[in-house]
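Chemist: structure01.pdb (PDB, C-alpha atoms and all ligand atoms) pasted underneath:
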```
ATOM      1  CA  MET A1122     137.909 184.682 173.574
ATOM      2  CA  LYS A1123     138.284 186.864 170.489
ATOM      3  CA  LYS A1124     141.407 186.802 168.371
ATOM      4  CA  ILE A1125     141.816 190.109 166.562
ATOM      5  CA  ARG A1126     144.352 190.461 163.777
ATOM      6  CA  ILE A1127     146.302 193.690 164.062
ATOM      7  CA  PHE A1128     149.005 193.108 161.438
ATOM      8  CA  GLU A1129     149.076 190.957 158.307
ATOM      9  CA  SER A1130     152.638 189.848 158.992
ATOM     10  CA  ARG A1131     155.530 190.156 161.412
ATOM     11  CA  THR A1132     157.377 192.247 158.824
ATOM     12  CA  LYS A1133     154.546 194.803 158.727
ATOM     13  CA  ALA A1134     154.479 194.937 162.510
ATOM     14  CA  LEU A1135     158.253 195.460 162.694
ATOM     15  CA  ASP A1136     158.013 198.182 160.033
ATOM     16  CA  SER A1137     155.164 199.903 161.834
ATOM     17  CA  ILE A1138     156.533 199.912 165.397
ATOM     18  CA  PRO A1139     160.246 200.574 165.904
ATOM     19  CA  GLU A1140     162.081 198.841 168.756
ATOM     20  CA  LYS A1141     161.232 200.311 172.203
ATOM     21  CA  GLN A1142     158.312 202.296 170.833
ATOM     22  CA  ALA A1143     154.559 201.970 171.061
ATOM     23  CA  LYS A1144     151.504 202.730 169.003
ATOM     24  CA  ARG A1145     147.838 203.113 169.893
ATOM     25  CA  VAL A1146     145.518 200.586 168.275
ATOM     26  CA  VAL A1147     141.758 201.100 168.485
ATOM     27  CA  ILE A1148     139.572 197.995 168.386
ATOM     28  CA  GLY A1149     135.935 199.034 168.709
ATOM     29  CA  ASP A1150     135.681 200.733 172.127
ATOM     30  CA  LEU A1151     139.007 199.311 173.235
ATOM     31  CA  LYS A1152     142.174 201.416 173.062
ATOM     32  CA  VAL A1153     145.290 199.303 173.195
ATOM     33  CA  CYS A1154     148.895 200.392 173.531
ATOM     34  CA  LEU A1155     150.869 198.053 171.316
ATOM     35  CA  ALA A1156     154.525 198.099 172.310
ATOM     36  CA  ARG A1157     157.668 196.511 170.938
ATOM     37  CA  PHE A1158     160.466 195.467 173.267
ATOM     38  CA  GLU A1159     163.349 193.146 172.300
ATOM     39  CA  ASN A1160     161.463 192.355 169.075
ATOM     40  CA  GLN A1161     158.438 191.057 170.949
ATOM     41  CA  PHE A1162     155.055 192.754 170.880
ATOM     42  CA  PHE A1163     152.966 193.504 173.966
ATOM     43  CA  ALA A1164     149.421 194.771 174.333
ATOM     44  CA  ILE A1165     148.549 196.851 177.388
ATOM     45  CA  GLN A1166     145.606 199.158 178.024
ATOM     46  CA  ASP A1167     146.296 202.548 176.521
ATOM     47  CA  ALA A1168     144.682 204.610 179.289
ATOM     48  CA  CYS A1169     147.033 204.792 182.251
ATOM     49  CA  PRO A1170     145.249 203.437 185.360
ATOM     50  CA  HIS A1171     146.424 206.507 187.319
ATOM     51  CA  SER A1172     144.938 209.454 185.407
ATOM     52  CA  LYS A1173     144.219 208.095 181.935
ATOM     53  CA  ALA A1174     147.184 209.492 180.001
ATOM     54  CA  SER A1175     147.923 207.571 176.831
ATOM     55  CA  LEU A1176     150.618 204.983 177.548
ATOM     56  CA  SER A1177     151.310 204.712 173.821
ATOM     57  CA  GLU A1178     152.846 208.192 174.110
ATOM     58  CA  GLY A1179     155.214 206.979 176.809
ATOM     59  CA  THR A1180     158.696 205.523 176.583
ATOM     60  CA  ILE A1181     159.989 202.020 177.258
ATOM     61  CA  ASN A1182     162.788 201.505 179.750
ATOM     62  CA  PRO A1183     165.494 198.781 179.632
ATOM     63  CA  HIS A1184     163.425 196.609 182.032
ATOM     64  CA  GLY A1185     160.551 196.199 179.580
ATOM     65  CA  GLU A1186     158.287 198.677 181.349
ATOM     66  CA  ILE A1187     156.352 201.446 179.673
ATOM     67  CA  ILE A1188     156.706 204.788 181.430
ATOM     68  CA  CYS A1189     153.594 206.940 181.487
ATOM     69  CA  PRO A1190     154.209 210.335 179.864
ATOM     70  CA  LEU A1191     152.270 212.203 182.567
ATOM     71  CA  HIS A1192     153.606 211.146 185.996
ATOM     72  CA  SER A1193     156.177 208.502 185.008
ATOM     73  CA  TYR A1194     154.579 205.455 186.623
ATOM     74  CA  CYS A1195     156.101 202.305 185.093
ATOM     75  CA  TYR A1196     154.003 199.366 183.917
ATOM     76  CA  ASP A1197     155.477 195.958 183.131
ATOM     77  CA  LEU A1198     154.574 195.206 179.519
ATOM     78  CA  ASN A1199     154.160 191.515 180.295
ATOM     79  CA  THR A1200     152.038 191.652 183.452
ATOM     80  CA  GLY A1201     150.706 195.240 183.596
ATOM     81  CA  ARG A1202     152.062 195.587 187.139
ATOM     82  CA  GLU A1203     152.945 199.105 188.156
ATOM     83  CA  PHE A1204     156.535 198.999 189.389
ATOM     84  CA  GLN A1205     155.960 200.604 192.795
ATOM     85  CA  GLN A1206     152.313 199.604 193.170
ATOM     86  CA  GLN A1207     151.308 203.266 193.306
ATOM     87  CA  THR A1208     148.099 202.574 191.428
ATOM     88  CA  ASN A1209     146.130 199.713 189.925
ATOM     89  CA  ASP A1210     147.854 197.448 187.480
ATOM     90  CA  ALA A1211     147.093 197.925 183.795
ATOM     91  CA  GLU A1212     145.184 195.305 181.846
ATOM     92  CA  VAL A1213     147.291 193.337 179.386
ATOM     93  CA  TRP A1214     146.367 191.000 176.555
ATOM     94  CA  LYS A1215     148.303 188.208 174.896
ATOM     95  CA  VAL A1216     149.844 188.920 171.519
ATOM     96  CA  LYS A1217     150.063 185.850 169.289
ATOM     97  CA  GLU A1218     151.571 185.265 165.903
ATOM     98  CA  ASP A1219     150.998 182.743 163.155
ATOM     99  CA  GLY A1220     151.682 182.547 159.435
ATOM    100  CA  LYS A1221     148.738 184.852 158.702
ATOM    101  CA  GLY A1222     149.535 187.712 161.022
ATOM    102  CA  ILE A1223     149.828 189.076 164.514
ATOM    103  CA  TYR A1224     146.814 188.972 166.827
ATOM    104  CA  ILE A1225     145.628 190.264 170.166
ATOM    105  CA  GLU A1226     143.608 187.823 172.251
ATOM    106  CA  ILE A1227     140.763 189.506 174.084
ATOM    107  CA  GLU A1228     138.600 187.663 176.622
TER     108      GLU A1228
HETATM  109  S1  LIG B   1     148.451 209.453 184.312
HETATM  110 FE1  LIG B   1     149.918 207.906 184.118
HETATM  111  S2  LIG B   1     151.124 208.049 185.882
HETATM  112 FE2  LIG B   1     149.631 209.593 186.116
END
```
Could you take the file, read its structure, and then write that structure out as structure tokens?

Modeler:
Amino acid sequence: MKKIRIFESRTKALDSIPEKQAKRVVIGDLKVCLARFENQFFAIQDACPHSKASLSEGTINPHGEIICPLHSYCYDLNTGREFQQQTNDAEVWKVKEDGKGIYIEIE
């Protein structure tokens, strides 16, 4: 497992991603949608499993799901499950934090 630091501190992460918003993070060939919901950070694949729209351009609903900007499928930020199982679930990665920053864990 690889642990990739995406922010130097929680403060920088909070400054960079407002509550209920998301940002695309590119790690090599991997495009990750990094989302903030209730002051927690979540990492979900950026390409929507339906037709590859960028989930980081979507919105986050009150249930902690990111809504795809193209056809409005909803993916749980924690599990990647699409709400109505209309398509494959999205891949998600753990986001961890320590005194030196915020990391995404990639298998
Ligand atoms: S591309 Fe995301 S729901 Fe269709």

Chemist: Running the PyMOL selection byres (((chain A and resi 1165) around 7) and not hetatm) on this model by hand, what would come out? Give it as a ChimeraX atom specification.

Modeler: /A:1153-1155,1163-1164,1166-1167,1198,1201,1211-1214

Chemist: Taking the file as shown, what set of residues would the PyMOL selection byres (((not hetatm)) within 7 of (chain B and resi 1)) give back, as a list in words?

Modeler: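 When the PyMOL selection byres (((not hetatm)) within 7 of (chain B and resi 1)) is applied to the shown file, the picked residues are Cys1169, Pro1170, His1171, Ser1172, Lys1173, Ala1174, Cys1189, Pro1190, Leu1191, His1192, Ser1193 and Tyr1194 of chain A.
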
Chemist: Have a look at A:Gly1179, A:Ala1134, A:Ile1125, A:Gly1222 and name the one nearest to A:Gly1149; count only C-alpha atoms.

Modeler: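 Going through A:Gly1179, A:Ala1134, A:Ile1125, A:Gly1222 one by one, the smallest distance to A:Gly1149 is for A:Ile1125.
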
Chemist: Under the PyMOL selection byres (((chain A and resi 1225) around 8) and not hetatm), which residues of this model are included? Write them out as an MDAnalysis selection string.

Modeler: chainID A and resid 1124:1127 1164 1214:1217 1223:1224 1226:1227

Chemist: Distance atom CA of A:Thr1132-atom CA of A:Tyr1196, one decimal place?

Modeler: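 Atom CA of A:Tyr1196 lies at a distance of 26.3 Å from atom CA of A:Thr1132.
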
Chemist: If you measure from atom CA of A:Ile1181 to atom CA of A:Glu1159, what distance in Å do you get, rounded to one decimal?

Modeler: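 Atom-to-atom, atom CA of A:Ile1181 and atom CA of A:Glu1159 are spaced 10.7 Å apart.
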
Chemist: Quick one: pull the distance between atom CA of A:Ala1143 and atom CA of A:Glu1178, Å, one decimal.

Modeler: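 Computing the Euclidean distance for atom CA of A:Ala1143 and atom CA of A:Glu1178 yields 7.1 Å.
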
Chemist: Have a look at A:Ala1168, A:Phe1162, A:Glu1228, A:Asn1182 and name the one nearest to A:Asn1209; count all atoms listed in the file.

Modeler: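 Comparing A:Ala1168, A:Phe1162, A:Glu1228, A:Asn1182 against A:Asn1209, the winner is A:Ala1168.
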
Chemist: Between A:Met1122, A:Leu1135, A:Gly1220, A:Lys1141, which residue has the minimum interatomic distance to A:Glu1186, considering only C-alpha atoms?

Modeler: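 The shortest atom-to-atom distance to A:Glu1186 comes from A:Lys1141.
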
Chemist: Which of these residues is nearest to A:Val1146, using all atoms listed in the file: A:Asn1199, A:Ser1177, A:Gln1161, A:Thr1208?

Modeler: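 Between A:Asn1199, A:Ser1177, A:Gln1161, A:Thr1208, the residue approaching A:Val1146 most closely is A:Ser1177.
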
Chemist: For stretch 1141-1155 of chain A, take all atoms listed in the file, fit an axis-aligned box around them, add 5 Å to each of the six sides, then output centre and edge lengths in Å rounded to one decimal, as lines of an AutoDock Vina configuration file.

Modeler:
```
center_x = 148.5
center_y = 200.6
center_z = 170.9
size_x = 35.6
size_y = 15.1
size_z = 15.3
```

Chemist: Calculated over all atoms listed in the file, which of the candidates A:Asn1160, A:Thr1180, A:Ser1130, A:Ser1175 has the smallest distance to A:Gln1142?

Modeler: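 Among the listed residues, A:Thr1180 lies closest to A:Gln1142.
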